[in-house]
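start04.pdb follows; it contains PDB, C-alpha atoms.
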ATOM      1  CA  MET G   6     -21.473 -81.674  49.171
ATOM      2  CA  ARG G   7     -21.262 -78.226  47.589
ATOM      3  CA  LYS G   8     -18.415 -77.791  45.145
ATOM      4  CA  GLU G   9     -15.636 -75.288  45.695
ATOM      5  CA  ILE G  10     -15.801 -72.003  43.780
ATOM      6  CA  HIS G  11     -12.341 -70.802  42.820
ATOM      7  CA  LEU G  12     -12.353 -67.095  42.046
ATOM      8  CA  GLU G  13      -8.722 -66.437  42.976
ATOM      9  CA  HIS G  14      -7.060 -67.287  39.656
ATOM     10  CA  SER G  15      -7.999 -65.222  36.595
ATOM     11  CA  SER G  16      -8.010 -68.198  34.215
ATOM     12  CA  LEU G  17     -11.075 -68.990  32.108
ATOM     13  CA  LYS G  18     -13.863 -70.597  34.175
ATOM     14  CA  TYR G  19     -15.660 -72.156  31.186
ATOM     15  CA  PRO G  20     -15.033 -75.524  29.469
ATOM     16  CA  LEU G  21     -12.965 -75.754  26.305
ATOM     17  CA  PRO G  22     -14.709 -76.663  23.006
ATOM     18  CA  GLU G  23     -15.237 -80.429  22.901
ATOM     19  CA  GLN G  24     -13.872 -80.736  19.364
ATOM     20  CA  PHE G  25     -10.739 -78.840  20.340
ATOM     21  CA  VAL G  26     -10.166 -81.151  23.325
ATOM     22  CA  GLN G  27     -10.593 -84.148  21.010
ATOM     23  CA  GLU G  28      -8.126 -82.731  18.490
ATOM     24  CA  LEU G  29      -5.615 -82.006  21.213
ATOM     25  CA  SER G  30      -5.959 -85.457  22.765
ATOM     26  CA  GLU G  31      -4.892 -86.954  19.439
ATOM     27  CA  GLU G  32      -1.616 -85.049  19.749
ATOM     28  CA  LEU G  33      -0.648 -87.150  22.770
ATOM     29  CA  ALA G  34       0.520 -89.846  20.369
ATOM     30  CA  PHE G  35       3.314 -87.504  19.266
ATOM     31  CA  MET G  36       4.638 -86.537  22.693
ATOM     32  CA  ASN G  37       7.817 -88.529  21.981
ATOM     33  CA  GLU G  38       8.756 -85.804  19.480
ATOM     34  CA  TYR G  39      10.432 -82.511  20.322
ATOM     35  CA  PRO G  40       8.521 -79.262  19.807
ATOM     36  CA  SER G  41       9.588 -77.109  16.862
ATOM     37  CA  GLY G  42      11.876 -74.910  18.938
ATOM     38  CA  GLY G  43      13.574 -71.688  17.892
ATOM     39  CA  SER G  44      11.119 -69.450  16.062
ATOM     40  CA  TYR G  45       8.251 -71.978  16.193
ATOM     41  CA  LYS G  46       7.452 -71.159  12.575
ATOM     42  CA  THR G  47       3.908 -72.547  12.286
ATOM     43  CA  LEU G  48       2.787 -71.275  15.695
ATOM     44  CA  SER G  49       4.319 -67.855  15.034
ATOM     45  CA  ALA G  50       2.499 -67.681  11.700
ATOM     46  CA  LYS G  51      -0.835 -68.374  13.440
ATOM     47  CA  LEU G  52      -0.134 -65.757  16.097
ATOM     48  CA  ALA G  53       0.939 -63.278  13.439
ATOM     49  CA  GLU G  54      -2.339 -63.816  11.614
ATOM     50  CA  TYR G  55      -4.286 -63.289  14.845
ATOM     51  CA  THR G  56      -2.438 -60.072  15.740
ATOM     52  CA  ASP G  57      -2.045 -58.824  12.153
ATOM     53  CA  ILE G  58       1.710 -58.446  12.533
ATOM     54  CA  ALA G  59       4.712 -59.985  10.767
ATOM     55  CA  PRO G  60       5.808 -63.442  12.044
ATOM     56  CA  ASP G  61       9.339 -62.218  12.811
ATOM     57  CA  CYS G  62       7.785 -59.777  15.282
ATOM     58  CA  ILE G  63       6.371 -62.691  17.307
ATOM     59  CA  LEU G  64       8.086 -64.766  20.003
ATOM     60  CA  PRO G  65       6.116 -67.714  21.495
ATOM     61  CA  ALA G  66       6.998 -68.352  25.132
ATOM     62  CA  ASN G  67       6.302 -70.502  28.172
ATOM     63  CA  GLY G  68       3.426 -68.322  29.351
ATOM     64  CA  SER G  69       3.475 -64.567  29.778
ATOM     65  CA  ASP G  70       5.648 -65.066  32.868
ATOM     66  CA  GLU G  71       8.538 -66.062  30.593
ATOM     67  CA  VAL G  72       7.845 -63.031  28.406
ATOM     68  CA  ILE G  73       8.069 -60.811  31.499
ATOM     69  CA  GLU G  74      11.268 -62.512  32.655
ATOM     70  CA  SER G  75      12.952 -62.293  29.246
ATOM     71  CA  ILE G  76      11.988 -58.655  28.692
ATOM     72  CA  THR G  77      13.201 -57.790  32.197
ATOM     73  CA  ARG G  78      16.569 -59.441  31.655
ATOM     74  CA  ALA G  79      16.969 -57.982  28.172
ATOM     75  CA  PHE G  80      16.087 -54.361  28.943
ATOM     76  CA  GLY G  81      15.984 -53.788  32.721
ATOM     77  CA  ASN G  82      19.663 -53.019  33.211
ATOM     78  CA  ARG G  83      19.287 -49.386  34.408
ATOM     79  CA  LEU G  84      15.915 -48.675  35.994
ATOM     80  CA  ILE G  85      12.544 -50.459  35.845
ATOM     81  CA  LEU G  86       9.358 -48.462  36.449
ATOM     82  CA  ILE G  87       6.416 -50.403  37.909
ATOM     83  CA  PRO G  88       2.965 -48.725  38.222
ATOM     84  CA  ILE G  89       1.393 -50.015  41.442
ATOM     85  CA  PRO G  90      -0.858 -51.659  42.324
ATOM     86  CA  THR G  91      -0.223 -54.169  39.560
ATOM     87  CA  PHE G  92       0.751 -57.745  38.719
ATOM     88  CA  SER G  93       3.581 -58.854  40.993
ATOM     89  CA  GLN G  94       5.730 -60.626  38.397
ATOM     90  CA  TYR G  95       7.268 -57.353  37.170
ATOM     91  CA  GLU G  96       8.616 -56.810  40.690
ATOM     92  CA  VAL G  97       9.520 -60.474  41.240
ATOM     93  CA  SER G  98      11.463 -60.657  37.994
ATOM     94  CA  ALA G  99      13.381 -57.455  38.770
ATOM     95  CA  GLU G 100      14.325 -58.746  42.232
ATOM     96  CA  ARG G 101      15.262 -62.184  40.950
ATOM     97  CA  ASN G 102      17.749 -60.577  38.590
ATOM     98  CA  GLY G 103      19.056 -58.010  41.072
ATOM     99  CA  LEU G 104      17.810 -55.057  39.004
ATOM    100  CA  ASN G 105      16.944 -51.536  40.126
ATOM    101  CA  LYS G 106      13.203 -50.832  40.267
ATOM    102  CA  LYS G 107      10.963 -47.922  41.225
ATOM    103  CA  PHE G 108       7.315 -48.214  42.221
ATOM    104  CA  VAL G 109       5.024 -45.445  40.987
ATOM    105  CA  PRO G 110       1.671 -45.270  42.867
ATOM    106  CA  CYS G 111      -1.109 -44.909  40.287
ATOM    107  CA  LEU G 112      -4.299 -45.527  42.293
ATOM    108  CA  GLU G 113      -5.923 -42.416  43.772
ATOM    109  CA  GLY G 114      -9.168 -43.295  45.471
ATOM    110  CA  HIS G 115     -10.671 -45.731  42.983
ATOM    111  CA  ASN G 116      -9.159 -44.024  39.943
ATOM    112  CA  TYR G 117      -6.179 -45.810  38.398
ATOM    113  CA  ARG G 118      -4.130 -43.901  35.849
ATOM    114  CA  LEU G 119      -0.483 -43.728  34.815
ATOM    115  CA  VAL G 120       1.346 -40.907  36.559
ATOM    116  CA  TYR G 121       4.845 -41.500  35.237
ATOM    117  CA  CYS G 122       6.820 -38.275  35.334
ATOM    118  CA  GLU G 123       9.025 -37.211  32.439
ATOM    119  CA  GLU G 124      12.204 -37.350  34.523
ATOM    120  CA  ASP G 125      11.650 -41.007  35.476
ATOM    121  CA  LEU G 126      10.635 -41.965  31.952
ATOM    122  CA  LYS G 127      13.865 -40.560  30.549
ATOM    123  CA  LYS G 128      15.967 -42.424  33.139
ATOM    124  CA  ALA G 129      14.306 -45.814  32.845
ATOM    125  CA  SER G 130      15.472 -48.591  30.556
ATOM    126  CA  LEU G 131      12.183 -50.509  31.042
ATOM    127  CA  ILE G 132       8.690 -49.187  31.778
ATOM    128  CA  TRP G 133       5.790 -51.518  32.543
ATOM    129  CA  ILE G 134       2.177 -50.832  31.630
ATOM    130  CA  CYS G 135      -0.509 -53.429  32.352
ATOM    131  CA  ASN G 136      -3.552 -52.780  30.139
ATOM    132  CA  PRO G 137      -6.115 -53.433  31.398
ATOM    133  CA  ASN G 138      -4.436 -53.312  34.756
ATOM    134  CA  ASN G 139      -4.365 -56.256  37.103
ATOM    135  CA  PRO G 140      -5.817 -56.147  39.776
ATOM    136  CA  THR G 141      -7.855 -52.962  39.318
ATOM    137  CA  GLY G 142      -9.359 -53.920  35.943
ATOM    138  CA  SER G 143      -8.751 -50.358  34.718
ATOM    139  CA  SER G 144      -8.054 -49.591  31.069
ATOM    140  CA  ILE G 145      -5.202 -47.293  30.076
ATOM    141  CA  PRO G 146      -6.114 -44.794  27.327
ATOM    142  CA  ARG G 147      -4.221 -45.299  24.079
ATOM    143  CA  GLU G 148      -3.070 -41.677  24.044
ATOM    144  CA  GLU G 149      -1.505 -42.097  27.487
ATOM    145  CA  ILE G 150       0.482 -45.102  26.291
ATOM    146  CA  LYS G 151       1.611 -43.112  23.253
ATOM    147  CA  ARG G 152       2.690 -40.253  25.542
ATOM    148  CA  VAL G 153       4.915 -42.650  27.469
ATOM    149  CA  LEU G 154       6.313 -44.087  24.220
ATOM    150  CA  ASP G 155       7.084 -40.594  22.922
ATOM    151  CA  ILE G 156       8.990 -39.570  26.054
ATOM    152  CA  ALA G 157      10.764 -42.777  27.058
ATOM    153  CA  PRO G 158      13.997 -43.800  25.304
ATOM    154  CA  GLY G 159      13.784 -47.196  27.017
ATOM    155  CA  ILE G 160      11.521 -50.150  26.276
ATOM    156  CA  VAL G 161       7.851 -49.646  27.092
ATOM    157  CA  ALA G 162       6.411 -53.096  27.819
ATOM    158  CA  VAL G 163       2.625 -53.245  27.595
ATOM    159  CA  ASP G 164       1.126 -56.339  29.207
ATOM    160  CA  GLU G 165      -2.019 -57.119  27.201
ATOM    161  CA  CYS G 166      -2.834 -60.468  28.815
ATOM    162  CA  ASN G 167      -6.462 -59.375  29.169
ATOM    163  CA  TYR G 168      -6.679 -57.873  25.682
ATOM    164  CA  GLU G 169      -9.582 -60.058  24.609
ATOM    165  CA  TYR G 170     -11.837 -58.561  27.298
ATOM    166  CA  LEU G 171     -10.777 -54.994  26.607
ATOM    167  CA  GLY G 172     -10.750 -55.307  22.815
ATOM    168  CA  GLU G 173      -8.129 -52.578  22.478
ATOM    169  CA  SER G 174      -4.457 -53.056  21.635
ATOM    170  CA  VAL G 175      -1.346 -51.114  20.683
ATOM    171  CA  VAL G 176       0.031 -53.908  18.498
ATOM    172  CA  ASP G 177      -0.519 -51.679  15.478
ATOM    173  CA  LEU G 178       2.059 -49.226  16.898
ATOM    174  CA  ILE G 179       4.960 -51.692  16.690
ATOM    175  CA  GLU G 180       6.336 -50.248  13.434
ATOM    176  CA  GLN G 181       5.916 -46.670  14.639
ATOM    177  CA  TYR G 182       7.622 -47.218  18.005
ATOM    178  CA  PRO G 183      10.817 -49.323  18.086
ATOM    179  CA  ASN G 184      10.763 -49.073  21.906
ATOM    180  CA  LEU G 185       7.407 -50.886  22.226
ATOM    181  CA  ALA G 186       7.094 -54.509  23.386
ATOM    182  CA  ILE G 187       3.839 -56.329  24.131
ATOM    183  CA  SER G 188       3.049 -59.418  26.187
ATOM    184  CA  ARG G 189       0.044 -61.635  25.434
ATOM    185  CA  SER G 190      -1.295 -64.824  27.020
ATOM    186  CA  PHE G 191      -3.532 -67.797  26.229
ATOM    187  CA  SER G 192      -4.184 -68.495  29.934
ATOM    188  CA  LYS G 193      -6.907 -66.047  30.878
ATOM    189  CA  ASN G 194      -8.855 -65.855  27.635
ATOM    190  CA  PHE G 195      -8.455 -69.199  25.857
ATOM    191  CA  GLY G 196      -8.431 -71.527  28.853
ATOM    192  CA  LEU G 197      -4.883 -72.829  28.354
ATOM    193  CA  ALA G 198      -3.469 -71.776  31.731
ATOM    194  CA  GLY G 199      -2.246 -75.294  32.469
ATOM    195  CA  LEU G 200      -0.245 -75.502  29.234
ATOM    196  CA  ARG G 201       1.619 -72.196  29.785
ATOM    197  CA  LEU G 202       1.474 -70.428  26.434
ATOM    198  CA  GLY G 203       2.173 -66.760  25.880
ATOM    199  CA  PHE G 204       3.985 -64.634  23.331
ATOM    200  CA  ALA G 205       5.849 -61.371  22.892
ATOM    201  CA  VAL G 206       5.255 -58.862  20.101
ATOM    202  CA  SER G 207       7.868 -56.278  19.196
ATOM    203  CA  SER G 208      10.183 -55.195  16.416
ATOM    204  CA  SER G 209      12.150 -58.053  14.872
ATOM    205  CA  LYS G 210      15.313 -56.549  16.391
ATOM    206  CA  ASN G 211      13.813 -56.578  19.888
ATOM    207  CA  ILE G 212      12.460 -60.099  19.397
ATOM    208  CA  VAL G 213      15.985 -61.357  18.693
ATOM    209  CA  GLU G 214      17.195 -59.710  21.906
ATOM    210  CA  ILE G 215      14.293 -61.054  23.998
ATOM    211  CA  ALA G 216      14.820 -64.563  22.601
ATOM    212  CA  ARG G 217      18.410 -64.560  23.889
ATOM    213  CA  TYR G 218      17.055 -64.938  27.430
ATOM    214  CA  GLY G 219      14.834 -67.957  26.806
ATOM    215  CA  GLN G 220      15.500 -71.596  26.067
ATOM    216  CA  HIS G 221      15.460 -72.995  22.538
ATOM    217  CA  PHE G 222      12.460 -75.187  23.409
ATOM    218  CA  ARG G 223      10.503 -72.487  25.218
ATOM    219  CA  VAL G 224       7.082 -73.947  24.405
ATOM    220  CA  ASN G 225       6.285 -77.621  24.996
ATOM    221  CA  LYS G 226       4.850 -79.806  22.255
ATOM    222  CA  MET G 227       1.295 -79.845  23.611
ATOM    223  CA  ALA G 228       1.184 -76.075  24.136
ATOM    224  CA  GLU G 229       2.568 -75.529  20.641
ATOM    225  CA  ARG G 230      -0.127 -77.700  19.059
ATOM    226  CA  ALA G 231      -2.831 -76.130  21.235
ATOM    227  CA  GLY G 232      -1.822 -72.630  20.154
ATOM    228  CA  ILE G 233      -1.975 -73.639  16.506
ATOM    229  CA  LYS G 234      -5.423 -75.234  16.839
ATOM    230  CA  VAL G 235      -7.284 -73.097  19.368
ATOM    231  CA  LEU G 236      -7.711 -70.008  17.186
ATOM    232  CA  LYS G 237     -10.013 -72.011  14.921
ATOM    233  CA  TYR G 238     -12.537 -71.743  17.744
ATOM    234  CA  LEU G 239     -12.396 -67.978  18.095
ATOM    235  CA  ASP G 240     -16.186 -67.591  17.691
ATOM    236  CA  TYR G 241     -16.730 -69.958  20.627
ATOM    237  CA  PHE G 242     -14.429 -67.960  22.874
ATOM    238  CA  GLN G 243     -15.813 -64.602  21.781
ATOM    239  CA  ASN G 244     -19.257 -65.729  22.949
ATOM    240  CA  ILE G 245     -17.764 -66.709  26.309
ATOM    241  CA  TRP G 246     -15.988 -63.352  26.676
ATOM    242  CA  GLN G 247     -19.259 -61.551  26.022
ATOM    243  CA  GLU G 248     -21.048 -63.716  28.590
ATOM    244  CA  ILE G 249     -18.319 -63.048  31.155
ATOM    245  CA  ALA G 250     -18.611 -59.294  30.539
ATOM    246  CA  ARG G 251     -22.366 -59.466  31.135
ATOM    247  CA  THR G 252     -21.879 -61.491  34.321
ATOM    248  CA  ARG G 253     -19.160 -59.078  35.480
ATOM    249  CA  ASP G 254     -21.506 -56.124  35.066
ATOM    250  CA  PHE G 255     -24.265 -58.064  36.869
ATOM    251  CA  PHE G 256     -21.884 -58.795  39.753
ATOM    252  CA  ILE G 257     -20.716 -55.181  39.968
ATOM    253  CA  ALA G 258     -24.328 -53.969  40.059
ATOM    254  CA  GLY G 259     -25.085 -56.515  42.791
ATOM    255  CA  LEU G 260     -22.141 -55.347  44.881
ATOM    256  CA  LYS G 261     -23.222 -51.736  44.557
ATOM    257  CA  GLY G 262     -26.717 -52.785  45.614
ATOM    258  CA  LEU G 263     -25.158 -54.070  48.840
ATOM    259  CA  ASN G 264     -23.292 -50.770  49.311
ATOM    260  CA  ILE G 265     -19.986 -52.502  48.694
ATOM    261  CA  MET G 266     -17.360 -50.404  46.952
ATOM    262  CA  VAL G 267     -16.072 -51.918  43.719
ATOM    263  CA  LEU G 268     -13.780 -50.556  41.019
ATOM    264  CA  PRO G 269     -14.982 -50.430  37.394
ATOM    265  CA  SER G 270     -13.481 -53.264  35.358
ATOM    266  CA  LYS G 271     -12.679 -54.098  31.738
ATOM    267  CA  THR G 272     -11.494 -57.622  32.555
ATOM    268  CA  ASN G 273     -12.767 -60.966  33.843
ATOM    269  CA  PHE G 274     -12.198 -59.919  37.456
ATOM    270  CA  VAL G 275     -13.250 -57.113  39.784
ATOM    271  CA  LEU G 276     -11.448 -55.471  42.682
ATOM    272  CA  VAL G 277     -13.598 -54.908  45.766
ATOM    273  CA  ASP G 278     -12.775 -52.379  48.495
ATOM    274  CA  PHE G 279     -13.941 -53.465  51.960
ATOM    275  CA  THR G 280     -12.558 -50.228  53.482
ATOM    276  CA  THR G 281     -10.409 -51.866  56.181
ATOM    277  CA  GLU G 282      -8.070 -54.843  56.366
ATOM    278  CA  GLU G 283     -10.009 -56.173  59.355
ATOM    279  CA  LYS G 284     -13.260 -56.349  57.409
ATOM    280  CA  ALA G 285     -11.554 -57.731  54.317
ATOM    281  CA  ARG G 286      -9.966 -60.547  56.331
ATOM    282  CA  LYS G 287     -13.275 -61.406  58.010
ATOM    283  CA  ILE G 288     -15.058 -61.591  54.659
ATOM    284  CA  TRP G 289     -12.175 -63.526  53.079
ATOM    285  CA  ASN G 290     -12.351 -66.098  55.885
ATOM    286  CA  PHE G 291     -16.164 -66.189  55.786
ATOM    287  CA  LEU G 292     -16.130 -66.916  52.046
ATOM    288  CA  ARG G 293     -13.453 -69.593  52.444
ATOM    289  CA  GLY G 294     -15.652 -71.231  55.063
ATOM    290  CA  GLU G 295     -18.340 -71.376  52.376
ATOM    291  CA  LYS G 296     -15.823 -72.852  49.896
ATOM    292  CA  VAL G 297     -15.495 -69.640  47.891
ATOM    293  CA  PHE G 298     -11.871 -68.670  47.278
ATOM    294  CA  THR G 299     -10.690 -65.183  46.308
ATOM    295  CA  VAL G 300      -7.296 -63.464  46.218
ATOM    296  CA  ALA G 301      -6.505 -60.788  48.793
ATOM    297  CA  GLY G 302      -4.318 -57.708  48.867
ATOM    298  CA  TRP G 303      -2.039 -59.258  51.502
ATOM    299  CA  GLU G 304      -1.168 -62.229  49.304
ATOM    300  CA  GLN G 305       1.760 -62.315  46.846
ATOM    301  CA  GLU G 306      -0.246 -61.899  43.642
ATOM    302  CA  PHE G 307       0.077 -58.118  43.377
ATOM    303  CA  SER G 308       2.604 -55.375  44.032
ATOM    304  CA  GLY G 309       1.465 -52.352  46.013
ATOM    305  CA  LEU G 310      -2.131 -53.415  46.726
ATOM    306  CA  ASP G 311      -3.531 -52.423  50.117
ATOM    307  CA  ASN G 312      -4.868 -55.140  52.409
ATOM    308  CA  GLN G 313      -8.454 -53.845  52.364
ATOM    309  CA  TYR G 314      -9.011 -55.274  48.872
ATOM    310  CA  LEU G 315     -10.216 -58.637  47.566
ATOM    311  CA  ARG G 316     -10.200 -59.550  43.877
ATOM    312  CA  PHE G 317     -12.959 -61.768  42.476
ATOM    313  CA  THR G 318     -12.538 -63.559  39.151
ATOM    314  CA  ILE G 319     -15.802 -63.793  37.224
ATOM    315  CA  SER G 320     -17.197 -67.243  36.498
ATOM    316  CA  ASN G 321     -20.825 -67.940  35.484
ATOM    317  CA  GLN G 322     -23.896 -66.092  36.677
ATOM    318  CA  GLU G 323     -25.027 -68.925  38.959
ATOM    319  CA  GLU G 324     -21.798 -68.867  40.941
ATOM    320  CA  MET G 325     -21.584 -65.085  41.061
ATOM    321  CA  SER G 326     -25.209 -64.910  42.247
ATOM    322  CA  PHE G 327     -24.303 -67.334  45.033
ATOM    323  CA  VAL G 328     -21.375 -65.114  46.051
ATOM    324  CA  LEU G 329     -23.683 -62.092  46.193
ATOM    325  CA  GLU G 330     -26.088 -64.033  48.412
ATOM    326  CA  LEU G 331     -23.229 -64.933  50.746
ATOM    327  CA  LEU G 332     -22.115 -61.298  50.954
ATOM    328  CA  LYS G 333     -25.711 -60.258  51.582
ATOM    329  CA  ARG G 334     -25.920 -62.515  54.646
ATOM    330  CA  PHE G 335     -22.408 -61.843  55.922
ATOM    331  CA  PRO G 336     -22.833 -61.790  59.703
ATOM    332  CA  GLU G 337     -21.466 -58.304  60.239
ATOM    333  CA  ASN G 338     -23.358 -56.556  57.439
ATOM    334  CA  THR G 339     -20.996 -55.455  54.657
ATOM    335  CA  SER G 340     -22.479 -51.993  54.417
TER     336      SER G 340
END
Show me this structure written as structure tokens.
Amino acid sequence: MRKEIHLEHSSLKYPLPEQFVQELSEELAFMNEYPSGGSYKTLSAKLAEYTDIAPDCILPANGSDEVIESITRAFGNRLILIPIPTFSQYEVSAERNGLNKKFVPCLEGHNYRLVYCEEDLKKASLIWICNPNNPTGSSIPREEIKRVLDIAPGIVAVDECNYEYLGESVVDLIEQYPNLAISRSFSKNFGLAGLRLGFAVSSSKNIVEIARYGQHFRVNKMAERAGIKVLKYLDYFQNIWQEIARTRDFFIAGLKGLNIMVLPSKTNFVLVDFTTEEKARKIWNFLRGEKVFTVAGWEQEFSGLDNQYLRFTISNQEEMSFVLELLKRFPENTS
């Protein structure tokens, strides 16, 4: 029986280092103890070393979703700007808290770029930027982020959950811009999606404010220990990220060879345009029948994504080659 291929979630599709798993399994003996809580001093120090920022500018959290929720509650009191299509949790968090939001369409054709106007930027108390963007995979130029930071008096929250694939960050701008906050994650790049570990980076003043909207024990004991240990294996993960980038480019080239429209990507996923919702649904169902699972524009994962799109997370070359073969023999000819 052929195994299922899950390309809907953007978590890491490779195994964790064996030694790391062994180290972490030994921590199970201490699950009767509380996590550190509060500032999570040791974990924050490790994250500070990784990001080259002061520990008091770091806030560990229960995944990036908690970072999004806490930033939204702390700074979204007037107007929240959301650049669509993008990750749905910015919208979900605003609605959950009864906050005013404005969607700003940023995808023209297959070109995604921020088109925030100066008037909106000056009104907003919170502006979201996802870099690279999810689901398009597009990178946002550093100068464009700085332009937003220069204009906006409110908090500019840059979601860098896919930083490790892009290799570009604005963490170094924290001291220069007191209105900058950054969200990072260990789910997509370090394979810890099931443990829920993320962190915020901002000025120490902002970190205190963001922390007000989270619990004292935000990060569970196992996630805390995993975050402390996993960065020892950075070389292992960097090799995986490079392999994923090569497979992504192979998959994109294969799609283009089938005359399937695909957006350029700087992440571990690609967004594919099947031109109509009807065709996208037929292909989505066809792939599911072959035990290949993707995420579609009509699902709840994204805000403002049209229904003609499917997003494919990149796994290994064998699985992505199989997906290309399936698309090649799709009954109604994808071209």
* Determine, counting only C-alpha atoms, which protein, DNA and RNA residues have an atom within 6 Å of an atom of region 184-197 of chain G; residues of the same chain fewer than 2 positions away are not included. Present the result as a ChimeraX atom specification. => /G:15-17,69,160-166,182,199-200,202-207
Can you write just those residues out, C-alpha atoms, as a PDB file, keeping the file's coordinate frame?
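Writing the result to again-v8.pdb gives the following:
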ATOM      1  CA  SER G  15      -7.999 -65.222  36.595  1.00  0.00           C
ATOM      2  CA  SER G  16      -8.010 -68.198  34.215  1.00  0.00           C
ATOM      3  CA  LEU G  17     -11.075 -68.990  32.108  1.00  0.00           C
ATOM      4  CA  SER G  69       3.475 -64.567  29.778  1.00  0.00           C
ATOM      5  CA  ILE G 160      11.521 -50.150  26.276  1.00  0.00           C
ATOM      6  CA  VAL G 161       7.851 -49.646  27.092  1.00  0.00           C
ATOM      7  CA  ALA G 162       6.411 -53.096  27.819  1.00  0.00           C
ATOM      8  CA  VAL G 163       2.625 -53.245  27.595  1.00  0.00           C
ATOM      9  CA  ASP G 164       1.126 -56.339  29.207  1.00  0.00           C
ATOM     10  CA  GLU G 165      -2.019 -57.119  27.201  1.00  0.00           C
ATOM     11  CA  CYS G 166      -2.834 -60.468  28.815  1.00  0.00           C
ATOM     12  CA  TYR G 182       7.622 -47.218  18.005  1.00  0.00           C
ATOM     13  CA  GLY G 199      -2.246 -75.294  32.469  1.00  0.00           C
ATOM     14  CA  LEU G 200      -0.245 -75.502  29.234  1.00  0.00           C
ATOM     15  CA  LEU G 202       1.474 -70.428  26.434  1.00  0.00           C
ATOM     16  CA  GLY G 203       2.173 -66.760  25.880  1.00  0.00           C
ATOM     17  CA  PHE G 204       3.985 -64.634  23.331  1.00  0.00           C
ATOM     18  CA  ALA G 205       5.849 -61.371  22.892  1.00  0.00           C
ATOM     19  CA  VAL G 206       5.255 -58.862  20.101  1.00  0.00           C
ATOM     20  CA  SER G 207       7.868 -56.278  19.196  1.00  0.00           C
TER      21      SER G 207
END
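Of the listed residues G:Ser30, G:Thr280, G:Asn290, G:Thr272, the one whose atoms come nearest to Ile319 (chain G) is G:Thr272, with distances taken using all atoms listed in the file.
Note on the selection: in this file the PyMOL selection byres ((chain G and resi 297) around 7) comes out as Glu9, Ile10, His11, Leu292, Arg293, Glu295, Lys296, Phe298 and Thr299 of chain G.
Closest approach to Ser144 (chain G) from the set G:Arg118, G:Arg78, G:Lys226, G:Lys107 is made by G:Arg118, with distances taken over all atoms listed in the file.
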* Atom pair CA of Pro65 (chain G) / CA of Gly232 (chain G): separation (Å) -> 9.4 Å
Which region 184-279 of chain G residues have any atom within 8 Å of an atom of region 44-56 of chain G, and for each, what is the nearest pair of atoms with distance in Å to one decimal, counting all atoms listed in the file, rows sorted by chain and number, as a tab-separated table?
residue	atom	partner	partner_atom	distance
G:Glu229	CA	G:Leu48	CA	6.5
G:Arg230	CA	G:Leu48	CA	7.8
G:Gly232	CA	G:Leu48	CA	6.6
G:Ile233	CA	G:Leu48	CA	5.4
G:Leu236	CA	G:Tyr55	CA	7.9
* Extract, using only C-alpha atoms, all DNA, RNA and protein residues at most 10 Å from region 238-243 of chain G, discarding same-chain residues fewer than 2 positions from it, and format them as a VMD selection string. => chain G and resid 17 19 21 to 22 24 to 25 55 169 to 170 194 to 196 234 to 236 245 to 249
* Hey, what's within 7 Å of region 324-336 of chain G if we count all atoms listed in the file and toss same-chain stuff fewer than 5 positions away? As an NGL selection string, please? -> :G and (256 or 259 or 263)
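The interatomic distance for the pair CA of Ser320 (chain G) and CA of Glu13 (chain G) works out to 10.7 Å.
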* Got a sec to resolve the PyMOL selection byres ((chain G and resi 79-83) around 10) on this structure and send the residues as a ChimeraX atom specification? -> /G:73-78,84-86,98-99,102-106,128-132,159-162,211,214-218
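The closest residue to Val72 (chain G), picked from G:Arg147, G:Lys18, G:Arg223, G:Arg152 and counting all atoms listed in the file, is G:Arg223.
Coordinates place CA of Ser93 (chain G) at a distance of 29.0 Å from CA of Glu180 (chain G).
Closest approach to Val97 (chain G) from the set G:Asp155, G:Glu23, G:Glu283, G:Asp70 is made by G:Asp70, with distances taken over all atoms listed in the file.
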* Write out as a PyMOL selection string which residues come within 10 Å of Cys122 (chain G) when counting only C-alpha atoms, dropping same-chain ones fewer than 6 positions away. => chain G and resi 109+153+156
Expected file contents, prior selection, C-alpha atoms, as a PDB file, in the frame of the given file:
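What landed in result.pdb:
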ATOM      1  CA  VAL G 109       5.024 -45.445  40.987  1.00  0.00           C
ATOM      2  CA  VAL G 153       4.915 -42.650  27.469  1.00  0.00           C
ATOM      3  CA  ILE G 156       8.990 -39.570  26.054  1.00  0.00           C
TER       4      ILE G 156
END
Residue by residue, what does the PyMOL selection byres ((chain G and resi 141) around 8) grab here? Present the result as a PDB file with C-alpha atoms, in the frame of the given file.
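File produced: selection_15.pdb:
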ATOM      1  CA  PRO G  90      -0.858 -51.659  42.324  1.00  0.00           C
ATOM      2  CA  THR G  91      -0.223 -54.169  39.560  1.00  0.00           C
ATOM      3  CA  TYR G 117      -6.179 -45.810  38.398  1.00  0.00           C
ATOM      4  CA  ASN G 138      -4.436 -53.312  34.756  1.00  0.00           C
ATOM      5  CA  ASN G 139      -4.365 -56.256  37.103  1.00  0.00           C
ATOM      6  CA  PRO G 140      -5.817 -56.147  39.776  1.00  0.00           C
ATOM      7  CA  GLY G 142      -9.359 -53.920  35.943  1.00  0.00           C
ATOM      8  CA  SER G 143      -8.751 -50.358  34.718  1.00  0.00           C
ATOM      9  CA  LEU G 268     -13.780 -50.556  41.019  1.00  0.00           C
ATOM     10  CA  PRO G 269     -14.982 -50.430  37.394  1.00  0.00           C
ATOM     11  CA  SER G 270     -13.481 -53.264  35.358  1.00  0.00           C
ATOM     12  CA  VAL G 275     -13.250 -57.113  39.784  1.00  0.00           C
ATOM     13  CA  LEU G 276     -11.448 -55.471  42.682  1.00  0.00           C
TER      14      LEU G 276
END
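The residue that comes closest to Gly309 (chain G), out of G:His14, G:Phe255, G:Glu173, G:Phe92 and on the basis of all atoms listed in the file, is G:Phe92.
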